[in-house]
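As stored in coords.tsv (TSV, C-alpha atoms and all ligand atoms):
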chain	number	residue	atom	x	y	z
X	12	MET	CA	-27.52	31.90	-12.81
X	13	SER	CA	-23.89	31.59	-13.90
X	14	LYS	CA	-21.05	33.16	-12.02
X	15	LEU	CA	-20.24	36.75	-12.98
X	16	ILE	CA	-17.31	37.49	-15.29
X	17	ILE	CA	-15.71	40.83	-14.53
X	18	THR	CA	-13.60	42.45	-17.22
X	19	ALA	CA	-11.30	45.28	-16.20
X	20	ALA	CA	-10.53	47.85	-18.89
X	21	ILE	CA	-7.58	49.26	-17.01
X	22	CYS	CA	-6.13	51.87	-19.30
X	23	GLY	CA	-7.96	52.71	-22.54
X	24	ALA	CA	-6.59	55.03	-25.18
X	25	GLU	CA	-8.30	58.32	-24.40
X	26	VAL	CA	-8.20	58.94	-20.67
X	27	THR	CA	-5.03	60.55	-19.26
X	28	LYS	CA	-3.25	61.21	-16.00
X	29	GLU	CA	-4.70	64.73	-16.13
X	30	HIS	CA	-8.12	63.11	-15.71
X	31	ASN	CA	-6.93	60.70	-13.03
X	32	PRO	CA	-3.27	60.39	-11.92
X	33	HIS	CA	-3.70	56.64	-11.46
X	34	ILE	CA	-4.16	55.93	-15.20
X	35	PRO	CA	-1.37	53.48	-16.08
X	36	TYR	CA	1.04	54.28	-18.94
X	37	THR	CA	4.29	52.41	-18.32
X	38	ILE	CA	4.58	48.62	-18.39
X	39	LYS	CA	5.11	48.57	-14.62
X	40	GLU	CA	2.04	50.74	-14.05
X	41	ILE	CA	-0.06	48.56	-16.36
X	42	GLN	CA	1.20	45.44	-14.57
X	43	ALA	CA	0.34	46.91	-11.15
X	44	GLU	CA	-3.15	48.03	-12.24
X	45	ALA	CA	-3.88	44.65	-13.83
X	46	LYS	CA	-2.84	42.95	-10.58
X	47	ARG	CA	-5.07	45.21	-8.47
X	48	ALA	CA	-8.02	44.45	-10.74
X	49	TYR	CA	-7.25	40.70	-10.76
X	50	ASP	CA	-6.83	40.54	-6.99
X	51	ALA	CA	-10.18	42.28	-6.61
X	52	GLY	CA	-11.95	39.72	-8.82
X	53	ALA	CA	-11.45	40.54	-12.51
X	54	SER	CA	-10.93	37.47	-14.68
X	55	ILE	CA	-10.35	39.36	-17.95
X	56	ILE	CA	-8.03	42.30	-18.55
X	57	HIS	CA	-9.10	44.36	-21.56
X	58	LEU	CA	-5.77	45.76	-22.65
X	59	HIS	CA	-4.62	48.94	-24.39
X	60	VAL	CA	-1.01	50.00	-24.20
X	61	ARG	CA	0.68	53.39	-24.11
X	62	THR	CA	4.17	54.73	-24.58
X	63	ASP	CA	5.78	55.83	-21.32
X	64	ASP	CA	4.53	59.38	-21.90
X	65	GLY	CA	0.96	58.20	-22.38
X	66	GLN	CA	0.53	58.09	-26.17
X	67	PRO	CA	-1.70	55.20	-27.27
X	68	THR	CA	0.13	52.68	-29.44
X	69	GLN	CA	-0.78	49.32	-30.98
X	70	GLU	CA	2.81	48.15	-31.39
X	71	ALA	CA	3.03	44.39	-30.97
X	72	HIS	CA	6.26	44.66	-29.02
X	73	ARG	CA	4.65	46.93	-26.44
X	74	PHE	CA	1.70	44.54	-26.11
X	75	ALA	CA	4.11	41.63	-25.72
X	76	GLN	CA	5.92	43.43	-22.90
X	77	ALA	CA	2.66	44.31	-21.14
X	78	MET	CA	1.25	40.80	-21.51
X	79	GLU	CA	4.45	39.21	-20.22
X	80	ALA	CA	4.39	41.52	-17.20
X	81	ILE	CA	0.70	40.87	-16.50
X	82	TYR	CA	1.10	37.08	-16.75
X	83	GLU	CA	4.01	37.33	-14.34
X	84	SER	CA	1.68	38.85	-11.70
X	85	CYS	CA	-1.59	37.16	-12.72
X	86	PRO	CA	-0.60	33.82	-14.28
X	87	ASP	CA	-4.09	32.53	-15.14
X	88	VAL	CA	-5.82	35.78	-16.13
X	89	ILE	CA	-7.40	36.17	-19.58
X	90	ILE	CA	-5.78	39.03	-21.48
X	91	GLN	CA	-7.95	40.61	-24.14
X	92	PRO	CA	-5.95	43.06	-26.29
X	93	SER	CA	-7.83	45.81	-28.05
X	94	THR	CA	-7.92	45.86	-31.85
X	95	GLY	CA	-9.75	49.19	-31.58
X	96	GLY	CA	-6.74	51.17	-30.45
X	97	ALA	CA	-7.51	54.88	-30.67
X	98	ALA	CA	-9.78	56.67	-33.15
X	99	GLY	CA	-7.79	57.60	-36.26
X	100	MET	CA	-5.43	54.60	-36.23
X	101	THR	CA	-5.19	52.55	-39.41
X	102	ALA	CA	-6.45	48.98	-39.69
X	103	MET	CA	-2.85	47.75	-40.06
X	104	GLU	CA	-1.82	49.50	-36.85
X	105	ARG	CA	-4.81	48.22	-34.95
X	106	GLY	CA	-4.38	44.57	-35.88
X	107	GLN	CA	-0.82	44.28	-34.55
X	108	PRO	CA	-1.59	42.60	-31.20
X	109	LEU	CA	-3.11	39.65	-33.07
X	110	ILE	CA	0.43	38.68	-34.07
X	111	LEU	CA	0.77	37.54	-30.46
X	112	TYR	CA	-2.03	34.96	-30.73
X	113	PRO	CA	-4.03	36.17	-27.70
X	114	GLU	CA	-6.78	33.85	-26.46
X	115	MET	CA	-9.28	36.72	-26.74
X	116	ALA	CA	-9.33	40.16	-28.45
X	117	THR	CA	-11.91	42.80	-29.30
X	118	ILE	CA	-13.68	43.39	-32.59
X	119	ASP	CA	-15.52	46.70	-32.91
X	120	CYS	CA	-18.66	45.99	-34.88
X	121	GLY	CA	-19.43	49.25	-36.65
X	122	THR	CA	-18.52	52.88	-37.24
X	123	LEU	CA	-19.67	55.72	-35.00
X	124	ASN	CA	-18.99	59.30	-34.03
X	125	PHE	CA	-16.59	59.11	-31.11
X	126	GLY	CA	-16.85	62.33	-29.17
X	127	PRO	CA	-17.67	65.58	-30.93
X	128	ASP	CA	-14.76	65.62	-33.40
X	129	GLU	CA	-13.72	62.07	-34.17
X	130	ILE	CA	-15.02	59.10	-36.09
X	131	PHE	CA	-14.14	55.58	-34.99
X	132	VAL	CA	-14.08	53.80	-38.34
X	133	ASN	CA	-14.94	50.09	-38.50
X	134	LYS	CA	-15.84	49.18	-42.06
X	135	GLU	CA	-17.52	45.86	-42.61
X	136	SER	CA	-14.44	44.70	-44.55
X	137	LEU	CA	-12.30	45.31	-41.46
X	138	ILE	CA	-14.74	43.47	-39.21
X	139	LYS	CA	-14.62	40.49	-41.57
X	140	ASP	CA	-10.81	40.56	-41.75
X	141	PHE	CA	-10.40	40.57	-37.99
X	142	ALA	CA	-13.10	37.92	-37.63
X	143	ARG	CA	-11.34	35.54	-40.05
X	144	THR	CA	-7.92	36.11	-38.54
X	145	MET	CA	-9.17	35.46	-35.03
X	146	GLU	CA	-11.17	32.43	-36.05
X	147	ASP	CA	-8.08	30.94	-37.74
X	148	GLN	CA	-6.10	31.54	-34.55
X	149	GLY	CA	-8.74	30.14	-32.18
X	150	CYS	CA	-8.98	33.59	-30.59
X	151	LEU	CA	-12.40	34.46	-29.17
X	152	PRO	CA	-13.59	37.93	-30.20
X	153	GLU	CA	-15.32	40.15	-27.74
X	154	LEU	CA	-17.88	41.77	-30.02
X	155	GLU	CA	-17.96	45.42	-28.98
X	156	CYS	CA	-21.28	47.00	-29.91
X	157	PHE	CA	-21.90	50.68	-29.31
X	158	ASP	CA	-25.44	50.52	-30.71
X	159	GLN	CA	-28.08	48.08	-31.87
X	160	GLY	CA	-27.03	48.27	-35.54
X	161	MET	CA	-23.72	46.69	-34.57
X	162	VAL	CA	-25.46	43.75	-32.90
X	163	ASP	CA	-27.50	43.32	-36.09
X	164	THR	CA	-24.29	43.42	-38.15
X	165	VAL	CA	-22.79	40.56	-36.14
X	166	LEU	CA	-25.92	38.44	-36.51
X	167	ARG	CA	-26.09	39.13	-40.26
X	168	LEU	CA	-22.42	38.23	-40.72
X	169	ARG	CA	-22.86	35.06	-38.69
X	170	HIS	CA	-25.59	34.08	-41.11
X	171	LYS	CA	-23.07	34.62	-43.93
X	172	GLY	CA	-20.48	32.31	-42.37
X	173	TYR	CA	-18.53	34.55	-40.00
X	174	PHE	CA	-18.27	34.21	-36.21
X	175	ASN	CA	-18.57	30.42	-36.10
X	176	HIS	CA	-17.85	30.20	-32.41
X	177	HIS	CA	-19.44	31.14	-29.14
X	178	LEU	CA	-20.83	34.69	-29.43
X	179	HIS	CA	-19.73	37.00	-26.64
X	180	PHE	CA	-20.91	40.59	-26.98
X	181	SER	CA	-19.81	43.68	-25.14
X	182	PHE	CA	-22.38	46.46	-25.06
X	183	VAL	CA	-20.55	49.74	-24.59
X	184	LEU	CA	-23.27	52.21	-23.73
X	185	GLY	CA	-23.05	55.93	-23.12
X	186	VAL	CA	-20.24	56.84	-25.55
X	187	HIS	CA	-20.71	60.35	-26.99
X	188	GLY	CA	-21.99	59.33	-30.43
X	189	GLY	CA	-23.22	55.86	-29.49
X	190	MET	CA	-26.34	54.50	-27.88
X	191	SER	CA	-27.14	55.96	-24.48
X	192	ALA	CA	-26.88	53.88	-21.31
X	193	THR	CA	-30.54	53.41	-20.47
X	194	ILE	CA	-32.33	50.32	-19.25
X	195	ARG	CA	-34.52	50.49	-22.36
X	196	ASN	CA	-31.50	50.36	-24.69
X	197	PHE	CA	-29.75	47.71	-22.60
X	198	SER	CA	-32.88	45.58	-22.66
X	199	PHE	CA	-33.39	46.04	-26.42
X	200	MET	CA	-29.85	44.93	-27.20
X	201	ARG	CA	-29.88	42.12	-24.69
X	202	HIS	CA	-33.12	40.68	-26.00
X	203	SER	CA	-31.92	40.68	-29.60
X	204	LEU	CA	-29.20	38.12	-28.86
X	205	PRO	CA	-29.50	34.42	-29.63
X	206	ARG	CA	-30.19	32.32	-26.54
X	207	GLU	CA	-26.76	30.77	-26.45
X	208	ALA	CA	-24.85	34.08	-26.65
X	209	THR	CA	-23.30	35.77	-23.62
X	210	TYR	CA	-22.75	39.45	-23.08
X	211	SER	CA	-21.00	41.97	-20.88
X	212	VAL	CA	-22.01	45.59	-20.33
X	213	ALA	CA	-19.76	48.62	-20.01
X	214	GLY	CA	-21.55	51.80	-18.99
X	215	ILE	CA	-19.55	54.96	-19.61
X	216	GLY	CA	-18.95	57.46	-16.81
X	217	ARG	CA	-21.70	57.63	-14.22
X	218	TYR	CA	-23.56	54.84	-15.97
X	219	GLU	CA	-20.86	52.27	-15.13
X	220	PHE	CA	-22.43	50.94	-11.93
X	221	PRO	CA	-26.12	51.22	-12.90
X	222	MET	CA	-25.37	49.20	-16.06
X	223	ALA	CA	-23.35	46.73	-13.97
X	224	CYS	CA	-26.37	46.20	-11.71
X	225	ALA	CA	-28.63	45.62	-14.72
X	226	ALA	CA	-26.27	42.97	-16.08
X	227	ILE	CA	-25.79	41.29	-12.70
X	228	ILE	CA	-29.54	40.96	-12.25
X	229	ASP	CA	-30.12	39.85	-15.84
X	230	GLY	CA	-27.44	37.14	-15.90
X	231	GLY	CA	-25.01	39.08	-18.07
X	232	HIS	CA	-21.44	40.05	-17.28
X	233	VAL	CA	-19.76	43.33	-16.43
X	234	ARG	CA	-16.90	45.50	-17.61
X	235	VAL	CA	-15.52	48.31	-15.46
X	236	GLY	CA	-12.26	50.22	-15.42
X	237	PHE	CA	-10.55	53.53	-16.08
X	238	GLU	CA	-11.12	53.22	-19.83
X	239	ASP	CA	-14.83	53.72	-19.20
X	240	ASN	CA	-15.05	55.59	-15.89
X	241	ILE	CA	-12.60	57.24	-13.50
X	242	TYR	CA	-14.93	57.80	-10.51
X	243	ILE	CA	-15.73	55.46	-7.64
X	244	SER	CA	-18.70	57.62	-6.65
X	245	LYS	CA	-20.05	61.04	-7.60
X	246	GLY	CA	-17.10	63.48	-7.81
X	247	VAL	CA	-14.66	61.03	-6.15
X	248	VAL	CA	-11.83	59.86	-8.39
X	249	ALA	CA	-11.07	56.14	-8.02
X	250	ASN	CA	-7.60	55.32	-6.73
X	251	SER	CA	-7.24	52.12	-8.79
X	252	ASN	CA	-9.03	49.79	-11.15
X	253	GLY	CA	-9.09	47.41	-8.20
X	254	GLN	CA	-11.38	49.77	-6.34
X	255	LEU	CA	-13.82	49.78	-9.29
X	256	VAL	CA	-13.75	45.97	-9.49
X	257	GLU	CA	-14.25	45.67	-5.72
X	258	LYS	CA	-17.41	47.74	-6.00
X	259	VAL	CA	-18.82	45.37	-8.64
X	260	VAL	CA	-17.93	42.40	-6.44
X	261	ARG	CA	-19.82	43.99	-3.53
X	262	LEU	CA	-22.86	44.72	-5.71
X	263	SER	CA	-22.79	41.20	-7.09
X	264	GLN	CA	-22.57	39.65	-3.63
X	265	GLU	CA	-25.49	41.78	-2.45
X	266	LEU	CA	-27.48	40.63	-5.46
X	267	GLY	CA	-26.58	36.99	-4.95
X	268	ARG	CA	-24.12	36.25	-7.74
X	269	GLU	CA	-20.72	34.68	-7.27
X	270	ILE	CA	-17.65	35.86	-9.15
X	271	ALA	CA	-16.04	33.70	-11.85
X	272	SER	CA	-12.35	32.85	-11.73
X	273	PRO	CA	-10.41	33.13	-15.00
X	274	ASN	CA	-10.79	29.41	-15.69
X	275	GLU	CA	-14.50	29.54	-14.93
X	276	ALA	CA	-14.72	32.47	-17.35
X	277	ARG	CA	-12.97	30.36	-19.99
X	278	GLU	CA	-15.61	27.65	-19.49
X	279	LEU	CA	-18.50	30.11	-19.67
X	280	LEU	CA	-17.15	31.70	-22.86
X	281	SER	CA	-16.08	28.42	-24.49
X	282	ILE	CA	-12.61	29.78	-25.02
X	283	ARG	CA	-11.02	27.15	-27.15
X	284	LYS	CA	-7.46	28.23	-27.02
X	285	LYS	CA	-5.41	27.31	-24.02
X	286	ASN	CA	-3.53	30.03	-22.23
X	287	GLN	CA	-0.03	28.75	-22.90
X	288	ARG	CA	1.45	30.78	-20.11
X	289	LYS	CA	-0.98	29.20	-17.69
X	290	GLU	CA	0.04	25.77	-18.88
X	291	GLU	CA	3.69	26.62	-18.38
X	292	VAL	CA	3.16	27.72	-14.80
X	293	SER	CA	0.77	24.96	-13.70
E	301	LIG	N1	-10.47	53.59	-28.02
E	301	LIG	C1	-11.67	53.45	-28.80
E	301	LIG	C2	-11.61	54.31	-30.02
E	301	LIG	C3	-11.65	48.53	-28.31
E	301	LIG	O1	-10.88	48.50	-27.38
E	301	LIG	O2	-11.77	47.60	-29.10
E	301	LIG	C4	-11.90	52.05	-29.19
E	301	LIG	C5	-11.89	51.02	-28.14
E	301	LIG	C6	-12.50	49.75	-28.54
E	301	LIG	O3	-11.42	51.19	-27.04
E	302	ZN	ZN	-10.85	49.47	-25.41
Mind turning the file's structure into structure tokens?
Amino acid sequence: MSKLIITAAICGAEVTKEHNPHIPYTIKEIQAEAKRAYDAGASIIHLHVRTDDGQPTQEAHRFAQAMEAIYESCPDVIIQPSTGGAAGMTAMERGQPLILYPEMATIDCGTLNFGPDEIFVNKESLIKDFARTMEDQGCLPELECFDQGMVDTVLRLRHKGYFNHHLHFSFVLGVHGGMSATIRNFSFMRHSLPREATYSVAGIGRYEFPMACAAIIDGGHVRVGFEDNIYISKGVVANSNGQLVEKVVRLSQELGREIASPNEARELLSIRKKNQRKEEVS
């Protein structure tokens, strides 16, 4: 079985310091949380940015500052900016981090209710636009799928000439409005992928670690972090993203899987684009 790629979703757009005081907002806080996750074993940082008072923003300049700071502390890490941003943002707003030519970024593969009052809109036209832009840039999309219909959308679009690169899915299970985080649903999605595809699983809230175990055993990869879950165990708030990553590392070691370094993750995901920063420092 391949080594395990751990993605740390360190910040997100919805969770706040009222939920957990360790949620990073400022560039320094984001840098420190990325470093804790990286030191613990994360090879990919899934990145959202905030203003200093915690408002989600997709401003390219803010992403540039955060990425610069993260590369300073974690020179070889893979940074994966979000093009999802926060529910309610426009497509133009959301696409801004792509101006920075990241080596990886998310594409959200369909529309869903997002909590009781919001809709996270991802029209097929937007999916195609982001797919073409990223393909032109040599940027690998992480294909975020909140339900099976989104996996089917990716496979249908691939048949029509989109996504002509390695397919790397991210199943985000347990969102209020998306598919629930059960082994049945995980297995259904996982078994609908082409053989050569890879995937990562993010279980929301208390499903984070059970879904991680399922993926570790199955040969998939894992995403953890404050974006998805703020607890290290029942009722105990995690003190850093590093603590969440460490727990996955422990589970993986117990289950007999080694952890991938960032460069090993690049190999496993066939990331075509070189991390220029890494080249500068090596
Ligand atoms: N904040 C959610 C509405 C992504 O990063 O691409 C969308 C999200 C997905 O977090
Ligand atoms: Zn996200």
Find the residues near ligand LIG 301 (chain E). Use a cut-off of 8 Å, count all atoms listed in the file, and write them as JSON, numbers by chain.
{"X": [23, 24, 25, 57, 58, 59, 92, 93, 94, 95, 96, 97, 98, 116, 117, 118, 119, 125, 131, 155, 238]}
Please compute the atom CA of Gly126 of chain X-atom CA of His187 of chain X distance, one decimal, in Å.
4.9 Å
Best match for closeness to ligand ZN 302 (chain E) among X:Lys171, X:Arg234, X:His30, X:Lys258, counting all atoms listed in the file:
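Residue with the minimum atom-to-atom distance to ligand ZN 302 (chain E): X:Arg234.
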Residue contacts of Gly253 of chain X (10 Å, only C-alpha atoms) excluding same-chain residues fewer than 2 positions away, as an mmCIF file with C-alpha atoms, in the frame of the given file:
data_model
loop_
_atom_site.group_PDB
_atom_site.id
_atom_site.type_symbol
_atom_site.label_atom_id
_atom_site.label_comp_id
_atom_site.auth_asym_id
_atom_site.auth_seq_id
_atom_site.Cartn_x
_atom_site.Cartn_y
_atom_site.Cartn_z
ATOM 1 C CA ALA X 19 -11.300 45.280 -16.200
ATOM 2 C CA ILE X 21 -7.580 49.260 -17.010
ATOM 3 C CA ALA X 43 0.340 46.910 -11.150
ATOM 4 C CA GLU X 44 -3.150 48.030 -12.240
ATOM 5 C CA ALA X 45 -3.880 44.650 -13.830
ATOM 6 C CA LYS X 46 -2.840 42.950 -10.580
ATOM 7 C CA ARG X 47 -5.070 45.210 -8.470
ATOM 8 C CA ALA X 48 -8.020 44.450 -10.740
ATOM 9 C CA TYR X 49 -7.250 40.700 -10.760
ATOM 10 C CA ASP X 50 -6.830 40.540 -6.990
ATOM 11 C CA ALA X 51 -10.180 42.280 -6.610
ATOM 12 C CA GLY X 52 -11.950 39.720 -8.820
ATOM 13 C CA ALA X 53 -11.450 40.540 -12.510
ATOM 14 C CA VAL X 235 -15.520 48.310 -15.460
ATOM 15 C CA GLY X 236 -12.260 50.220 -15.420
ATOM 16 C CA ALA X 249 -11.070 56.140 -8.020
ATOM 17 C CA ASN X 250 -7.600 55.320 -6.730
ATOM 18 C CA SER X 251 -7.240 52.120 -8.790
ATOM 19 C CA LEU X 255 -13.820 49.780 -9.290
ATOM 20 C CA VAL X 256 -13.750 45.970 -9.490
ATOM 21 C CA GLU X 257 -14.250 45.670 -5.720
ATOM 22 C CA LYS X 258 -17.410 47.740 -6.000
ATOM 23 C CA VAL X 259 -18.820 45.370 -8.640
#
Neighbouring residues of Ala77 of chain X were defined as those with any atom within 10 Å, considering all atoms listed in the file; residues of the same chain fewer than 6 positions away were excluded. Please report them as number ranges by chain.
X: 37-42, 45, 58-61, 71, 83, 90
Give me a file of those residues, with C-alpha atoms, as an mmCIF file, in the frame of the given file.
data_model
loop_
_atom_site.group_PDB
_atom_site.id
_atom_site.type_symbol
_atom_site.label_atom_id
_atom_site.label_comp_id
_atom_site.auth_asym_id
_atom_site.auth_seq_id
_atom_site.Cartn_x
_atom_site.Cartn_y
_atom_site.Cartn_z
ATOM 1 C CA THR X 37 4.290 52.410 -18.320
ATOM 2 C CA ILE X 38 4.580 48.620 -18.390
ATOM 3 C CA LYS X 39 5.110 48.570 -14.620
ATOM 4 C CA GLU X 40 2.040 50.740 -14.050
ATOM 5 C CA ILE X 41 -0.060 48.560 -16.360
ATOM 6 C CA GLN X 42 1.200 45.440 -14.570
ATOM 7 C CA ALA X 45 -3.880 44.650 -13.830
ATOM 8 C CA LEU X 58 -5.770 45.760 -22.650
ATOM 9 C CA HIS X 59 -4.620 48.940 -24.390
ATOM 10 C CA VAL X 60 -1.010 50.000 -24.200
ATOM 11 C CA ARG X 61 0.680 53.390 -24.110
ATOM 12 C CA ALA X 71 3.030 44.390 -30.970
ATOM 13 C CA GLU X 83 4.010 37.330 -14.340
ATOM 14 C CA ILE X 90 -5.780 39.030 -21.480
#
